[in-house]
Structure formats: C-alpha cells, structure tokens
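Q: run00.csv (CSV, C-alpha atoms) pasted underneath:
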chain,number,residue,atom,x,y,z
I,1,MET,CA,171.1,-156.2,35.1
I,2,LYS,CA,170.2,-156.7,38.7
I,3,LEU,CA,166.8,-155.7,39.9
I,4,TRP,CA,168.0,-152.9,42.3
I,5,LYS,CA,170.0,-151.3,39.5
I,6,ARG,CA,167.0,-151.2,37.2
I,7,ALA,CA,164.9,-149.7,40.0
I,8,SER,CA,167.6,-147.1,40.7
I,9,GLY,CA,167.8,-146.2,37.0
I,10,ALA,CA,164.0,-145.9,36.7
I,11,LEU,CA,163.9,-143.7,39.7
I,12,LYS,CA,166.5,-141.3,38.2
I,13,ASP,CA,164.5,-141.1,34.9
I,14,ARG,CA,161.3,-140.2,36.8
I,15,LYS,CA,163.2,-137.6,38.8
I,16,SER,CA,164.5,-136.0,35.6
I,17,LEU,CA,161.0,-136.0,34.0
I,18,PHE,CA,159.5,-134.5,37.2
I,19,SER,CA,162.1,-131.6,37.2
I,20,ILE,CA,161.4,-130.6,33.5
I,21,SER,CA,157.7,-130.5,34.1
I,22,PHE,CA,158.3,-127.2,36.0
I,23,SER,CA,160.6,-125.7,33.3
I,24,ARG,CA,159.4,-122.9,31.0
I,25,ARG,CA,159.8,-122.9,27.2
I,26,THR,CA,162.6,-120.7,26.0
I,27,SER,CA,164.9,-120.5,23.0
I,28,PHE,CA,167.1,-123.1,24.7
I,29,ARG,CA,164.5,-125.2,26.5
I,30,ASN,CA,161.6,-127.2,25.1
I,31,PRO,CA,159.9,-129.3,27.8
I,32,ASP,CA,158.3,-131.7,25.3
I,33,LEU,CA,161.6,-132.3,23.6
I,34,ASP,CA,163.4,-132.8,26.9
I,35,SER,CA,160.8,-135.4,27.9
I,36,ALA,CA,161.3,-137.3,24.6
I,37,ILE,CA,165.0,-137.2,25.0
I,38,ILE,CA,164.8,-138.6,28.6
I,39,HIS,CA,162.6,-141.4,27.5
I,40,ALA,CA,164.8,-142.2,24.5
I,41,THR,CA,167.9,-142.3,26.7
I,42,SER,CA,166.5,-144.1,29.7
I,43,HIS,CA,168.5,-146.4,32.0
I,44,ASP,CA,166.7,-149.5,30.8
I,45,ASP,CA,169.1,-151.8,28.9
I,46,SER,CA,166.4,-154.3,27.8
I,47,SER,CA,164.9,-152.1,25.0
I,48,VAL,CA,165.1,-148.9,23.0
I,49,ASP,CA,162.3,-146.4,23.0
I,50,TYR,CA,162.1,-145.9,19.2
I,51,HIS,CA,158.8,-144.0,19.5
I,52,ASN,CA,160.3,-141.1,21.5
I,53,ALA,CA,163.4,-141.3,19.3
I,54,HIS,CA,161.3,-140.6,16.2
I,55,ARG,CA,159.5,-137.8,18.0
I,56,VAL,CA,163.0,-136.1,18.4
I,57,TYR,CA,163.7,-136.7,14.7
I,58,LYS,CA,160.4,-135.1,13.8
I,59,TRP,CA,161.1,-132.0,15.8
I,60,ILE,CA,164.5,-131.6,14.1
I,61,ARG,CA,163.0,-131.9,10.7
I,62,SER,CA,160.1,-129.6,11.4
I,63,SER,CA,162.1,-126.5,12.3
I,64,PRO,CA,165.8,-125.4,12.7
I,65,ALA,CA,164.8,-123.6,15.9
I,66,ASN,CA,164.5,-127.0,17.7
I,67,LEU,CA,168.2,-127.7,17.2
I,68,LYS,CA,169.4,-125.5,20.1
I,69,PRO,CA,167.0,-127.1,22.7
I,70,LEU,CA,168.1,-130.5,21.4
I,71,VAL,CA,171.8,-129.7,21.9
I,72,HIS,CA,171.2,-128.2,25.3
I,73,SER,CA,169.1,-131.0,26.6
I,74,LEU,CA,171.2,-133.9,25.2
I,75,SER,CA,174.5,-132.4,26.3
I,76,SER,CA,173.2,-131.8,29.8
I,77,ARG,CA,172.0,-135.4,30.2
I,78,VAL,CA,175.2,-136.9,28.8
I,79,ASN,CA,177.5,-134.7,30.9
I,80,ARG,CA,175.7,-135.8,34.1
I,81,THR,CA,175.5,-139.5,33.5
I,82,ARG,CA,178.0,-142.2,34.6
I,83,SER,CA,175.9,-145.0,33.0
I,84,TRP,CA,177.1,-146.8,29.9
I,85,ILE,CA,173.4,-147.4,29.0
I,86,VAL,CA,172.4,-143.8,28.9
I,87,ALA,CA,175.7,-142.8,27.1
I,88,LEU,CA,175.1,-145.5,24.4
I,89,LYS,CA,171.5,-144.6,23.9
I,90,ALA,CA,172.5,-140.9,23.6
I,91,LEU,CA,175.0,-141.8,20.9
I,92,MET,CA,172.4,-143.8,19.0
I,93,LEU,CA,170.0,-140.9,19.2
I,94,VAL,CA,172.7,-138.5,17.9
I,95,HIS,CA,173.4,-141.0,15.1
I,96,GLY,CA,169.7,-140.8,14.1
I,97,VAL,CA,169.7,-137.0,14.2
I,98,LEU,CA,172.8,-136.8,12.0
I,99,CYS,CA,171.0,-139.2,9.5
I,100,CYS,CA,168.2,-136.6,9.1
I,101,LYS,CA,170.8,-134.5,7.2
I,102,VAL,CA,168.8,-131.2,7.6
I,103,PRO,CA,170.6,-127.9,6.8
I,104,SER,CA,170.6,-126.7,10.4
I,105,LEU,CA,173.0,-129.5,11.3
I,106,GLN,CA,175.9,-127.5,9.8
I,107,GLU,CA,175.8,-125.4,13.0
I,108,ILE,CA,176.7,-128.4,15.2
I,109,ARG,CA,180.1,-129.2,13.7
I,110,ARG,CA,181.6,-131.2,16.6
I,111,LEU,CA,179.4,-133.0,19.1
I,112,PRO,CA,178.4,-130.8,22.1
I,113,PHE,CA,179.7,-133.3,24.6
I,114,ASP,CA,182.8,-135.4,25.1
I,115,LEU,CA,182.8,-139.2,25.7
I,116,SER,CA,186.4,-139.8,24.5
I,117,ASP,CA,187.4,-141.0,28.0
I,118,PHE,CA,184.1,-142.3,29.2
I,119,SER,CA,184.1,-144.8,32.1
I,120,ASP,CA,181.0,-146.4,33.7
I,121,GLY,CA,180.7,-145.5,37.4
I,122,HIS,CA,178.2,-148.1,38.5
I,123,SER,CA,180.3,-151.3,38.1
I,124,ARG,CA,183.9,-152.4,38.4
I,125,PRO,CA,186.2,-151.7,35.4
I,126,SER,CA,186.8,-155.4,35.0
I,127,LYS,CA,183.1,-155.8,34.0
I,128,THR,CA,182.6,-152.6,32.1
I,129,TRP,CA,185.8,-152.2,30.1
I,130,GLY,CA,184.2,-153.6,26.9
I,131,PHE,CA,181.3,-151.2,27.2
I,132,ASN,CA,183.6,-148.2,27.8
I,133,ALA,CA,185.7,-149.1,24.7
I,134,LEU,CA,182.6,-149.4,22.6
I,135,ILE,CA,181.2,-146.0,23.7
I,136,ARG,CA,184.6,-144.3,23.1
I,137,ALA,CA,184.9,-145.7,19.6
I,138,TYR,CA,181.3,-144.9,18.8
I,139,PHE,CA,181.7,-141.3,20.0
I,140,SER,CA,184.9,-140.9,18.0
I,141,PHE,CA,183.1,-141.9,14.8
I,142,LEU,CA,180.1,-139.7,15.4
I,143,ASP,CA,182.2,-136.7,16.3
I,144,GLN,CA,184.2,-137.1,13.0
I,145,TYR,CA,181.0,-137.9,11.1
I,146,SER,CA,179.2,-134.8,12.4
I,147,PHE,CA,182.1,-132.6,11.2
I,148,PHE,CA,182.1,-134.3,7.8
I,149,LEU,CA,178.3,-133.8,7.3
I,150,SER,CA,178.6,-130.2,8.4
I,151,ASP,CA,181.2,-129.5,5.7
I,152,GLN,CA,179.0,-131.3,3.1
I,153,ILE,CA,175.9,-129.3,3.9
I,154,ARG,CA,177.9,-126.1,3.8
I,155,CYS,CA,179.3,-127.0,0.3
I,156,ARG,CA,175.7,-127.8,-0.9
I,157,ASN,CA,174.4,-124.4,0.2
I,158,ARG,CA,177.1,-122.6,-1.8
I,159,LYS,CA,176.9,-121.8,-5.5
I,160,PRO,CA,176.6,-125.2,-7.3
I,161,GLN,CA,179.8,-126.1,-9.1
I,162,VAL,CA,181.3,-129.1,-10.7
I,163,ASP,CA,183.6,-130.9,-8.3
I,164,SER,CA,187.2,-131.2,-9.6
I,165,VAL,CA,189.1,-134.5,-9.5
I,166,ASN,CA,191.0,-133.3,-6.5
I,167,GLN,CA,187.9,-132.6,-4.5
I,168,GLU,CA,186.4,-136.0,-5.3
I,169,LEU,CA,189.7,-137.6,-4.3
I,170,GLU,CA,189.6,-135.8,-1.0
I,171,SER,CA,186.0,-136.7,-0.4
I,172,ILE,CA,186.7,-140.4,-1.0
I,173,GLU,CA,189.7,-140.2,1.3
I,174,LYS,CA,187.5,-138.8,4.1
I,175,LEU,CA,184.9,-141.5,3.6
I,176,GLN,CA,187.6,-144.1,3.9
I,177,SER,CA,188.8,-142.5,7.2
I,178,LEU,CA,185.2,-142.7,8.5
I,179,LEU,CA,184.9,-146.3,7.5
I,180,HIS,CA,188.2,-147.1,9.3
I,181,THR,CA,186.7,-145.4,12.5
I,182,LEU,CA,183.5,-147.4,12.1
I,183,LEU,CA,185.4,-150.7,12.0
I,184,GLN,CA,186.8,-149.9,15.5
I,185,ILE,CA,183.3,-150.2,17.0
I,186,ARG,CA,182.9,-153.7,18.1
I,187,PRO,CA,181.9,-155.6,21.3
I,188,MET,CA,185.0,-157.2,22.6
I,189,ALA,CA,184.0,-158.5,26.1
I,190,ASP,CA,182.1,-161.8,26.7
I,191,ASN,CA,179.4,-160.1,28.8
I,192,MET,CA,178.3,-157.7,26.0
I,193,LYS,CA,175.7,-159.9,24.3
I,194,LYS,CA,172.8,-157.7,25.3
I,195,THR,CA,169.8,-156.4,23.4
I,196,LEU,CA,171.0,-152.8,23.6
I,197,ILE,CA,174.4,-153.7,22.2
I,198,LEU,CA,172.9,-155.6,19.3
I,199,GLU,CA,170.6,-152.7,18.5
I,200,ALA,CA,173.6,-150.3,18.5
I,201,MET,CA,175.6,-152.7,16.3
I,202,ASP,CA,172.7,-152.8,13.8
I,203,CYS,CA,173.0,-149.1,13.5
I,204,VAL,CA,176.7,-149.3,12.9
I,205,VAL,CA,176.3,-152.0,10.2
I,206,ILE,CA,173.7,-150.0,8.3
I,207,GLU,CA,176.1,-147.0,8.4
I,208,ILE,CA,178.9,-149.2,7.0
I,209,PHE,CA,176.6,-150.2,4.1
I,210,ASP,CA,176.0,-146.6,3.3
I,211,ILE,CA,179.6,-145.3,3.6
I,212,TYR,CA,181.2,-148.3,1.8
I,213,GLY,CA,178.6,-147.9,-1.0
I,214,ARG,CA,179.6,-144.2,-1.5
I,215,ILE,CA,183.2,-145.2,-1.6
I,216,CYS,CA,182.7,-147.8,-4.3
I,217,SER,CA,180.5,-145.4,-6.3
I,218,GLY,CA,183.2,-142.6,-6.0
I,219,ILE,CA,186.0,-145.0,-7.1
I,220,ALA,CA,184.0,-146.1,-10.1
I,221,LYS,CA,183.5,-142.5,-11.2
I,222,LEU,CA,187.2,-141.8,-10.4
I,223,LEU,CA,188.5,-144.6,-12.7
I,224,ILE,CA,186.6,-142.9,-15.6
I,225,LYS,CA,187.9,-139.4,-14.9
I,226,ILE,CA,191.5,-140.2,-14.2
I,227,SER,CA,193.3,-140.4,-17.5
I,228,PRO,CA,196.9,-141.2,-18.4
I,229,SER,CA,197.4,-137.5,-18.9
I,230,ALA,CA,196.5,-136.7,-15.3
I,231,GLY,CA,198.9,-135.0,-13.0
I,232,LYS,CA,201.3,-137.0,-10.8
I,233,ALA,CA,199.7,-135.8,-7.6
I,234,GLU,CA,196.3,-136.9,-8.7
I,235,ALA,CA,197.5,-140.2,-9.9
I,236,VAL,CA,199.4,-140.9,-6.7
I,237,LEU,CA,196.5,-140.1,-4.5
I,238,ALA,CA,194.1,-142.1,-6.7
I,239,LEU,CA,196.4,-145.2,-6.5
I,240,LYS,CA,196.6,-144.8,-2.7
I,241,ILE,CA,192.8,-144.7,-2.4
I,242,ILE,CA,192.4,-147.7,-4.7
I,243,LYS,CA,194.9,-149.8,-2.7
I,244,LYS,CA,193.2,-148.7,0.6
I,245,ALA,CA,189.8,-149.7,-0.8
I,246,THR,CA,191.2,-153.1,-1.6
I,247,SER,CA,192.6,-153.5,2.0
I,248,GLN,CA,189.4,-152.2,3.6
I,249,GLY,CA,187.3,-154.7,1.6
I,250,GLU,CA,189.3,-157.5,3.2
I,251,ASP,CA,188.8,-155.9,6.7
I,252,LEU,CA,185.1,-155.6,6.1
I,253,ALA,CA,184.7,-159.3,5.2
I,254,LEU,CA,186.4,-160.1,8.6
I,255,TYR,CA,184.2,-157.5,10.4
I,256,PHE,CA,181.0,-158.9,9.1
I,257,GLU,CA,182.0,-162.4,9.9
I,258,PHE,CA,182.6,-161.3,13.5
I,259,CYS,CA,179.3,-159.5,13.6
I,260,LYS,CA,177.4,-162.6,12.4
I,261,GLU,CA,179.0,-164.8,15.0
I,262,PHE,CA,178.1,-162.2,17.7
I,263,GLY,CA,174.4,-162.2,16.6
I,264,VAL,CA,174.0,-158.8,14.8
I,265,SER,CA,171.0,-159.3,12.6
I,266,ASN,CA,171.9,-156.8,9.8
I,267,ALA,CA,175.3,-158.5,9.4
I,268,HIS,CA,173.7,-161.6,7.9
I,269,GLU,CA,173.0,-159.5,4.7
I,270,VAL,CA,176.7,-159.2,3.7
I,271,PRO,CA,177.2,-156.8,0.8
I,272,LYS,CA,179.1,-157.8,-2.3
I,273,PHE,CA,182.5,-156.3,-1.7
I,274,VAL,CA,183.8,-154.7,-4.8
I,275,LYS,CA,187.3,-155.8,-5.7
I,276,ILE,CA,189.3,-153.3,-7.8
I,277,PRO,CA,190.6,-155.2,-10.9
I,278,GLN,CA,194.4,-155.6,-11.0
I,279,GLU,CA,194.4,-154.1,-14.5
I,280,ASN,CA,193.1,-150.7,-13.1
I,281,ILE,CA,195.8,-150.7,-10.5
I,282,GLU,CA,198.5,-151.5,-13.0
I,283,ALA,CA,197.1,-148.8,-15.4
I,284,MET,CA,197.3,-146.2,-12.6
I,285,GLU,CA,200.9,-147.2,-11.8
I,286,LYS,CA,201.8,-146.8,-15.5
I,287,ALA,CA,200.2,-143.4,-15.5
I,288,ILE,CA,202.3,-142.3,-12.5
I,289,LYS,CA,205.5,-143.8,-14.2
I,290,GLY,CA,204.6,-142.0,-17.4
I,291,VAL,CA,204.3,-138.7,-15.6
I,292,GLU,CA,207.6,-139.2,-13.8
I,293,GLU,CA,209.4,-140.0,-17.1
I,294,LYS,CA,207.8,-136.9,-18.7
I,295,GLU,CA,209.0,-134.8,-15.8
I,296,GLU,CA,212.5,-136.2,-16.0
I,297,THR,CA,212.6,-135.5,-19.8
I,298,MET,CA,211.5,-131.9,-19.2
I,299,GLU,CA,214.1,-131.5,-16.5
I,300,ASP,CA,216.8,-132.8,-18.8
I,301,GLU,CA,215.7,-130.4,-21.6
I,302,GLU,CA,215.7,-127.5,-19.1
I,303,GLU,CA,219.3,-128.5,-18.0
I,304,ALA,CA,220.4,-128.7,-21.7
I,305,VAL,CA,219.0,-125.2,-22.3
I,306,VAL,CA,220.8,-123.9,-19.2
I,307,VAL,CA,224.1,-125.5,-20.4
I,308,GLU,CA,223.7,-124.0,-23.8
I,309,GLU,CA,223.1,-120.5,-22.5
I,310,LYS,CA,226.2,-120.9,-20.3
I,311,SER,CA,228.2,-121.9,-23.3
I,312,ILE,CA,227.1,-118.8,-25.2
I,313,ILE,CA,228.1,-116.6,-22.3
I,314,LEU,CA,231.5,-118.3,-22.0
I,315,ALA,CA,232.0,-117.9,-25.7
I,316,ASP,CA,231.4,-114.2,-25.5
I,317,GLU,CA,234.1,-114.0,-22.8
I,318,ARG,CA,236.9,-115.0,-25.3
I,319,PRO,CA,239.9,-112.5,-25.4
I,320,GLU,CA,239.1,-111.2,-28.9
I,321,PHE,CA,235.6,-110.1,-27.6
I,322,GLN,CA,236.9,-108.4,-24.4
I,323,THR,CA,237.3,-104.7,-23.9
I,324,ILE,CA,240.9,-103.8,-23.1
I,325,ILE,CA,241.7,-100.6,-21.2
I,326,THR,CA,245.2,-99.1,-21.8
I,327,ASP,CA,247.0,-95.8,-21.4
I,328,LYS,CA,248.7,-96.1,-24.8
I,329,TRP,CA,247.3,-94.2,-27.8
I,330,GLU,CA,246.2,-96.3,-30.7
I,331,VAL,CA,247.5,-94.8,-33.9
I,332,PHE,CA,245.3,-95.2,-37.0
I,333,GLU,CA,246.2,-94.8,-40.6
I,334,ASP,CA,244.2,-91.6,-40.9
I,335,ASP,CA,246.6,-90.0,-38.4
I,336,TYR,CA,249.5,-90.2,-40.9
I,337,CYS,CA,250.0,-88.1,-44.0
I,338,PHE,CA,252.4,-89.7,-46.4
I,339,THR,CA,252.9,-90.1,-50.1
I,340,CYS,CA,253.0,-93.2,-52.2
I,341,LYS,CA,256.6,-92.6,-52.9
I,342,ASP,CA,257.6,-92.5,-49.2
I,343,VAL,CA,255.6,-95.6,-48.6
I,344,LYS,CA,257.6,-97.5,-51.2
I,345,GLU,CA,260.9,-96.2,-49.9
I,346,ASN,CA,260.1,-97.0,-46.3
I,347,ASP,CA,258.8,-100.4,-47.2
I,348,GLN,CA,262.1,-101.3,-48.9
I,349,HIS,CA,264.3,-100.3,-45.9
I,350,ARG,CA,261.9,-101.6,-43.1
I,351,ASP,CA,263.1,-104.5,-41.0
I,352,TYR,CA,260.0,-106.5,-40.4
I,353,ASN,CA,261.7,-108.7,-37.8
I,354,VAL,CA,261.8,-105.8,-35.4
I,355,ASP,CA,258.7,-104.4,-33.7
I,356,PRO,CA,257.4,-101.5,-35.9
I,357,SER,CA,257.8,-98.0,-34.4
I,358,PRO,CA,255.3,-95.3,-35.0
I,359,LEU,CA,255.8,-93.7,-38.5
I,360,PRO,CA,257.2,-90.2,-38.5
I,361,LEU,CA,255.2,-87.3,-39.7
I,362,ILE,CA,255.9,-86.7,-43.4
I,363,VAL,CA,255.4,-83.6,-45.5
I,364,ILE,CA,252.5,-84.1,-47.8
I,365,ASP,CA,253.6,-84.1,-51.4
I,366,GLU,CA,251.1,-86.4,-53.0
I,367,PRO,CA,248.3,-87.0,-50.5
I,368,VAL,CA,246.4,-90.3,-50.8
I,369,TYR,CA,242.7,-89.9,-51.1
I,370,LEU,CA,240.0,-92.4,-50.3
I,371,THR,CA,238.1,-93.3,-53.4
I,372,HIS,CA,235.0,-94.8,-51.7
I,373,THR,CA,232.3,-93.1,-49.9
I,374,LEU,CA,232.2,-93.5,-46.1
I,375,PRO,CA,228.8,-94.5,-44.7
I,376,ASP,CA,226.9,-92.1,-42.6
I,377,LEU,CA,227.0,-93.7,-39.2
I,378,ILE,CA,225.2,-90.8,-37.4
I,379,THR,CA,221.6,-90.3,-38.2
I,380,PHE,CA,219.2,-87.7,-36.7
How does this structure look as structure tokens?
A:
Amino acid sequence: MKLWKRASGALKDRKSLFSISFSRRTSFRNPDLDSAIIHATSHDDSSVDYHNAHRVYKWIRSSPANLKPLVHSLSSRVNRTRSWIVALKALMLVHGVLCCKVPSLQEIRRLPFDLSDFSDGHSRPSKTWGFNALIRAYFSFLDQYSFFLSDQIRCRNRKPQVDSVNQELESIEKLQSLLHTLLQIRPMADNMKKTLILEAMDCVVIEIFDIYGRICSGIAKLLIKISPSAGKAEAVLALKIIKKATSQGEDLALYFEFCKEFGVSNAHEVPKFVKIPQENIEAMEKAIKGVEEKEETMEDEEEAVVVEEKSIILADERPEFQTIITDKWEVFEDDYCFTCKDVKENDQHRDYNVDPSPLPLIVIDEPVYLTHTLPDLITF
C-alpha cells in the first residue's frame, strides 16, 4: 500500500475514535466497545489487531446486553466504508463473534449489513476485482453460517429430544452447503499475496476443518442408523449425501493444494479426507432398490384386490340376480284351488309345446293341504 493511502486510512481511524469519545453510553452504544471495533477494523493492511478483537469477544461472552451495541457499531462502520481492508477485517471479526456460539447470537439470524455487491472505492476495478470477489464470497458464507448457528441455538434451548434420522440428514445437508460456500473463498488475483489475506485464509481453513469434521462424524453415525428397512425417502437422501461427501472430499484436496501454494500456513496440515467405502454406497443403493421392489409388490397386491372386488360386483350384476319391474301379475300355486283329480286330467290333455295359460279357477272338491310347517319369517 502506498504511503499516502496508509496515512489517509490512519487519519480516518483517528477521526472515528475522536467522534466516539463524546458519545454517551446507551442500550445501543458502548464507547469502549466502539473503540475496540474501530481498532480491530482499522485501515492498516499489514497486521490484524487481535488484542482488540479478543476484547470484543470478551464483551460478547460476558453479557447478552452487549450484542445490540456490537451490531449497531459494526453495521455503522461497514455501511460507511469503501475500503476492502476494513470490510475484510469486519468479516473476520464477525467470524470470531459467531465462533463464540453464545445463546444471544440467535437474535442476529442474518448479518446486520450487506456486502454481497461490495466494490472497493479507492482503486481501479482492474486492481481490486480479486479482493471484491473474496469479500463477497466470505460475506455469503458468514451470512449463511449465522442463520445456521441461530437455528442450532434455538433448537438447543428447546426441550431436549432425540433427533430423528430425517433431522440428522437435513443437518448434514446444511453443513455440506456451508462447506460448498466456504470453498468459494479463495484469492484469485496475483496481487493478493498480502498479510491480511493470508490471515483471513487461515480463518477459512480452520472453519473448513471444523465443518468437514462434523460432516464425517454425522455420516459415520448415519451409516449405523440407516438400515435396509429404512424408508425410500431417507435412503435416497442418505445416498445423495454420501455421494456429495465423496465429491467434496476431492474438491477439498484440490483446495488445500491451492492454499499451500498460495502460502496459507494452516493449509500445510492437510486433514485425512474420509473416503466412503464403495460397499456402503452399494448397500444404500440395494436398500433403495429393495424399498422400490417392496412398493411395487404392494401396488400389485392393491391392484389385485381392486380387480377382485370389481369381479364380485360384476358377478352380482348377472340377470338372475337382477330385480325386474313388470306390470304383469305373478301367479303362485297358492292362488289356485284344485283337486288332485283335476290335476291329473289337466295334465293328460295339456299341450306342453304351447305356452301355458293361467289355470282356471276350479271348485274345491278335495283340497290339497300342505303337510309341512311353514317357518315363522316375522318375529317381534
């Protein structure tokens, strides 16, 4: 950095420190905290003021009441700056605050400022495009990470309960999304080999260690809990997570190789990337296939039951089981009174090739009686 730029940046920092010396302490203002934030986010790109950064962390851990002054002071400073140095130091400070993981952080949710379209205003874009891209990517991760931590803290404060397999799958999937965003943070321009950039990349690499370790631990527990009898949705999501973990392991190896060449000190301690055994992937695929075959069998059985029910209904619709409505009177045997003698005579002279006509009424000489008892079909 040129001498006049350093002098200009130092002058701005002194002006900010002078202005807060006259401010009063309120629920939204803490002059001591404001001073520590200004020192921790100074315009000096040659070093990072870790002493004042740790003062900020101490205030956050000491009382939840210090969160509002922190948010107010930090957002005011970031929203006013056009310097990539101040913006990057502010993001590093926020990263440290989120790592404190105190319960009051659940109130933040999203970051209180927006650097998604940040552009340095003190140099030409041809010289600062790499810094702008780094800050945008870093902000995107921290904004997503803040929301993720807020949800985790809220869940911990609720009544303790055993997480279901679906909840663990969703948690691993979110961690993989965070890791993907982390891998987008990288210095891409040739003029970015600066102390501040290396310090920021050290923070990113440490975060990668933590998140990737949680992903591997979650998958190890997942492989034990997911059984062949698991549901199809769970098995499909688990397989998707396992395949993505394998792919991300390869991306991490390339990322750490790039960081080592760039000069990031923490990247020299490359973690052992866990490779998911092919047997576990094949077992998960078999579990999914087994569930699909089981579902197909159940669908076939249901279709067979439906077909059988339809067959029964159609059988009941045969003509002999249908009700026929007619205006002709049906004549029963009990409506006729005749003798055995007349029956014999009529039977001898009847032509059975012609449609029978109703029998004529006959005078009863020798009535025919029923010799069996009729059942009582009406009961009270």
Q: Between CA of Arg136 in chain I and CA of Asp45 in chain I, what is the distance, to one decimal in Å?
A: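 Result for CA of Arg136 in chain I versus CA of Asp45 in chain I: 18.2 Å, one decimal.
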Q: Could you pull the residues within 8 Å of range 213-223 of chain I, counting all atoms listed in the file, minus those fewer than 6 positions along the same chain, as a CSV table (one decimal) with C-alpha atoms, in the coordinates of the input?
A:
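This is the output file selection-v4.csv:
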chain,number,residue,atom,x,y,z
I,165,VAL,CA,189.1,-134.5,-9.5
I,168,GLU,CA,186.4,-136.0,-5.3
I,169,LEU,CA,189.7,-137.6,-4.3
I,172,ILE,CA,186.7,-140.4,-1.0
I,175,LEU,CA,184.9,-141.5,3.6
I,176,GLN,CA,187.6,-144.1,3.9
I,238,ALA,CA,194.1,-142.1,-6.7
I,242,ILE,CA,192.4,-147.7,-4.7
I,274,VAL,CA,183.8,-154.7,-4.8
I,280,ASN,CA,193.1,-150.7,-13.1
Q: Quick one, how far is CA of Tyr255 in chain I from CA of Ser140 in chain I?
A: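 Computing it gives 18.3 Å between the two atoms.
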Q: Compare I:Lys15, I:Ala200, I:Lys289, I:Phe262 by their minimum atom-to-atom distance to Met188 in chain I, counting all atoms listed in the file, and give me the closest one.
A: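 Between I:Lys15, I:Ala200, I:Lys289, I:Phe262, the residue approaching Met188 in chain I most closely is I:Phe262.
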Q: Any idea what the distance is between CA of His268 in chain I and CA of Ala53 in chain I?
A: 25.5 Å
Q: So, with all atoms listed in the file as the atoms that count, which of I:Ser83, I:Gln106, I:Asn166, I:Ser27 lies closest to Phe148 in chain I?
A: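 So, comparing all the options, the nearest one is I:Gln106.
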Q: Of the candidates I:Asn30, I:Ser126, I:Ser116, I:Ser42, which one gets nearest to Thr81 in chain I if we count all atoms listed in the file?
A: I:Ser42
Q: Write out as a ChimeraX atom specification each polymer residue whose atoms come within 10 Å of Leu93 in chain I, counting all atoms listed in the file; drop sequence neighbours fewer than 4 positions from it.
A: /I:37,40-41,50,52-54,56-57,74,87-89,97-99
Q: Determine the nearest neighbour of Ser8 in chain I from the options I:Glu269, I:Tyr138, I:Phe28, I:Asp44, counting all atoms listed in the file.
A: I:Asp44
Q: Which neighbours of Val102 in chain I fall inside 10 Å, counting all atoms listed in the file, when residues of the same chain fewer than 4 positions from it are skipped, and could you give them as a list in words?
A: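 Listed by chain and then number, they are Ile60, Arg61, Ser62, Ser63, Pro64, Val97, Leu98, Gln106, Leu149, Ser150 and Ile153 of chain I.
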Q: Could you tell me which of I:Ala233, I:Ser73, I:Ser46, I:Asp120 comes closest to Lys2 in chain I if we count only C-alpha atoms?
A: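 The answer is I:Ser46, which sits nearest to Lys2 in chain I.
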Q: Smallest atom-to-atom distance to Thr246 in chain I: which of I:Phe131, I:Trp84, I:Phe147, I:Tyr212, using only C-alpha atoms?
A: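 Closest candidate: I:Tyr212.
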Q: Can you pull out every residue within 8 Å of Ile206 in chain I, counting only C-alpha atoms, but drop anything in the same chain fewer than 4 positions away, and send it as a list in words?
A: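 Within the cut-off, the hits are Asp202, Asp210 and Asn266 of chain I.
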